[in-house]
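Student: My structure is stored as upload_5.txt, with compact mmCIF, C-alpha atoms.
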```txt
# COMPACT_ATOMS: atom_id res chain seq x y z
CA MET J 1 -9.61 -8.38 23.15
CA TYR J 2 -8.34 -8.75 19.60
CA ALA J 3 -5.98 -6.00 18.47
CA HIS J 4 -6.17 -5.35 14.77
CA PRO J 5 -2.65 -5.55 13.27
CA GLN J 6 -3.31 -2.58 11.00
CA HIS J 7 -4.08 -0.32 13.93
CA ASN J 8 -1.46 -1.20 16.51
CA GLY J 9 1.47 0.56 14.84
CA GLY J 10 3.89 -2.22 15.80
CA ASP J 11 7.33 -2.53 14.26
CA SER J 12 6.26 -4.95 11.54
CA THR J 13 3.29 -2.74 10.60
CA LYS J 14 5.56 0.30 10.35
CA ARG J 15 8.11 -1.62 8.29
CA LEU J 16 5.43 -2.86 5.87
CA ARG J 17 3.95 0.62 5.51
CA ARG J 18 7.41 2.02 4.70
CA GLU J 19 7.90 -0.74 2.10
CA ALA J 20 4.51 0.09 0.59
CA GLY J 21 5.47 3.75 0.48
CA ILE J 22 8.74 2.98 -1.30
CA TRP J 23 6.89 0.89 -3.88
CA LEU J 24 4.27 3.60 -4.44
CA LYS J 25 6.95 6.28 -4.77
CA GLU J 26 8.82 4.17 -7.33
CA MET J 27 5.60 3.71 -9.31
CA ARG J 28 4.83 7.44 -9.18
CA GLU J 29 8.34 8.42 -10.27
CA ALA J 30 8.30 5.85 -13.09
CA ARG J 31 5.19 7.63 -14.43
CA GLY J 32 6.98 10.99 -14.18
CA LEU J 33 4.46 12.35 -11.69
CA SER J 34 5.12 14.75 -8.85
CA GLN J 35 3.37 14.26 -5.55
CA ARG J 36 1.18 17.23 -6.44
CA ASP J 37 0.28 15.65 -9.81
CA LEU J 38 -0.66 12.38 -8.16
CA ALA J 39 -2.70 14.12 -5.46
CA THR J 40 -4.73 15.88 -8.15
CA MET J 41 -5.23 12.68 -10.11
CA VAL J 42 -6.46 10.70 -7.10
CA GLY J 43 -8.68 13.49 -5.80
CA VAL J 44 -6.94 14.56 -2.62
CA ASP J 45 -6.66 18.22 -1.69
CA TYR J 46 -3.10 18.20 -0.40
CA TYR J 47 0.01 16.67 -1.93
CA THR J 48 1.30 16.17 1.60
CA PHE J 49 -1.15 13.26 1.84
CA VAL J 50 0.85 11.52 -0.90
CA SER J 51 4.03 12.31 1.05
CA GLN J 52 2.56 10.70 4.18
CA ILE J 53 1.64 7.56 2.23
CA GLU J 54 5.08 7.35 0.64
CA SER J 55 6.84 7.77 3.98
CA GLY J 56 4.77 4.99 5.54
CA ARG J 57 2.87 7.27 7.92
CA GLY J 58 -0.47 6.53 6.32
CA ARG J 59 -2.27 4.22 3.96
CA ILE J 60 -4.46 4.63 0.94
CA PRO J 61 -8.15 4.49 1.86
CA PRO J 62 -9.81 1.49 0.17
CA ASP J 63 -12.34 3.69 -1.60
CA ARG J 64 -9.42 5.37 -3.42
CA TYR J 65 -7.58 2.21 -4.60
CA GLU J 66 -9.02 2.36 -8.10
CA ALA J 67 -8.10 6.02 -8.56
CA TRP J 68 -4.53 5.38 -7.42
CA ALA J 69 -4.20 2.35 -9.69
CA GLN J 70 -5.47 4.33 -12.66
CA ALA J 71 -3.15 7.26 -11.91
CA LEU J 72 -0.17 4.92 -11.64
CA GLY J 73 -1.13 2.99 -14.78
CA ILE J 74 -1.64 -0.33 -12.99
CA ASN J 75 -4.45 -2.85 -13.25
CA ALA J 76 -6.67 -2.19 -10.20
CA GLY J 77 -6.78 -5.85 -9.15
CA ALA J 78 -3.00 -6.21 -9.31
CA PHE J 79 -2.60 -2.92 -7.45
CA VAL J 80 -4.88 -4.00 -4.61
CA ARG J 81 -3.24 -7.42 -4.39
CA LYS J 82 0.18 -5.78 -3.98
CA LEU J 83 -1.12 -3.28 -1.41
CA LEU J 84 -2.81 -6.05 0.55
CA ARG J 85 0.58 -7.70 0.95
CA PHE J 86 1.76 -4.59 2.81
CA TYR J 87 -1.43 -3.38 4.48
CA ASP J 88 -2.91 -6.69 5.61
CA PRO J 89 -0.36 -9.51 5.34
CA ILE J 90 -2.52 -11.96 7.29
CA THR J 91 -5.38 -11.70 4.81
CA TYR J 92 -2.91 -11.72 1.92
CA ALA J 93 -1.37 -14.98 3.15
CA LEU J 94 -4.79 -16.60 3.43
CA LEU J 95 -5.91 -15.48 -0.01
CA PHE J 96 -2.64 -16.12 -1.83
CA PRO J 97 -0.75 -18.88 0.00
CA GLN J 98 1.06 -19.88 -3.18
CA SER J 99 2.74 -16.45 -3.18
CA LEU J 100 4.59 -17.14 0.04
CA PRO J 101 7.58 -19.40 0.61
CA ILE J 102 6.69 -22.77 2.14
CA PRO J 103 8.35 -23.22 5.56
CA ALA J 104 10.66 -26.26 5.69
CA ASN J 105 8.78 -27.83 8.60
CA SER J 106 5.36 -27.78 6.88
CA GLN J 107 6.06 -30.41 4.26
```
Represent the structure from my file as structure tokens, please.
Tutor:
Amino acid sequence: MYAHPQHNGGDSTKRLRREAGIWLKEMREARGLSQRDLATMVGVDYYTFVSQIESGRGRIPPDRYEAWAQALGINAGAFVRKLLRFYDPITYALLFPQSLPIPANSQ
């Protein structure tokens, strides 16, 4: 049976989620927002949800991408493209192959 890479919690998934969290935290801090501010702006009840995302223990639900992008002052398409790189690298590589380095043996 196929195991979805986003659900298995493997080392690479955890590493990518932590990297996503670092990026999101940097974006939030650059806007001068607290976790509580951001939680309010994106419509979540608890700022601890933002903390979980930033620590790599969770991910932004797709139906909230636009709200997060708006709160962080980022174009929604660019925001989703960046998140996809962390949250679903296989799909990202298929959609944006030019964004990845070309392996030496593929030329």
Student: Quick one: residues within 12 Å of J:Asp45, only C-alpha atoms, excluding same-chain residues fewer than 6 positions away - as a list of chain:residue names?
Tutor: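 Within the cut-off, the hits are J:Gln35, J:Arg36, J:Asp37, J:Leu38, J:Ala39.
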Student: Atoms to include: C-alpha atoms. Write the selected residues as a compact mmCIF listing (two decimals), in the coordinates of the input.
Tutor:
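What ended up in part-v1.txt:
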```
# COMPACT_ATOMS: atom_id res chain seq x y z
CA GLN J 35 3.37 14.26 -5.55
CA ARG J 36 1.18 17.23 -6.44
CA ASP J 37 0.28 15.65 -9.81
CA LEU J 38 -0.66 12.38 -8.16
CA ALA J 39 -2.70 14.12 -5.46
```
Student: Which polymer residues have any atom within 10 Å of an atom of stretch 74-87 of chain J, counting all atoms listed in the file, with same-chain residues fewer than 6 positions away left out, as JSON, numbers by chain?
Tutor: {"J": [5, 6, 12, 13, 14, 15, 16, 17, 18, 19, 20, 21, 23, 24, 27, 59, 60, 62, 65, 66, 67, 68, 93, 95, 96, 99]}
Student: Distance atom CA of J:Gly10-atom CA of J:Glu26, one decimal place?
Tutor: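 A separation of 24.5 Å between them.
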Student: One number please: atom CA of J:Arg28 to atom CA of J:Leu72, in Å, one decimal.
Tutor: 6.1 Å
Student: Hey, can you check how far atom CA of J:Gly56 sits from atom CA of J:Lys25?
Tutor: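 Separation of atom CA of J:Gly56 and atom CA of J:Lys25: 10.6 Å.
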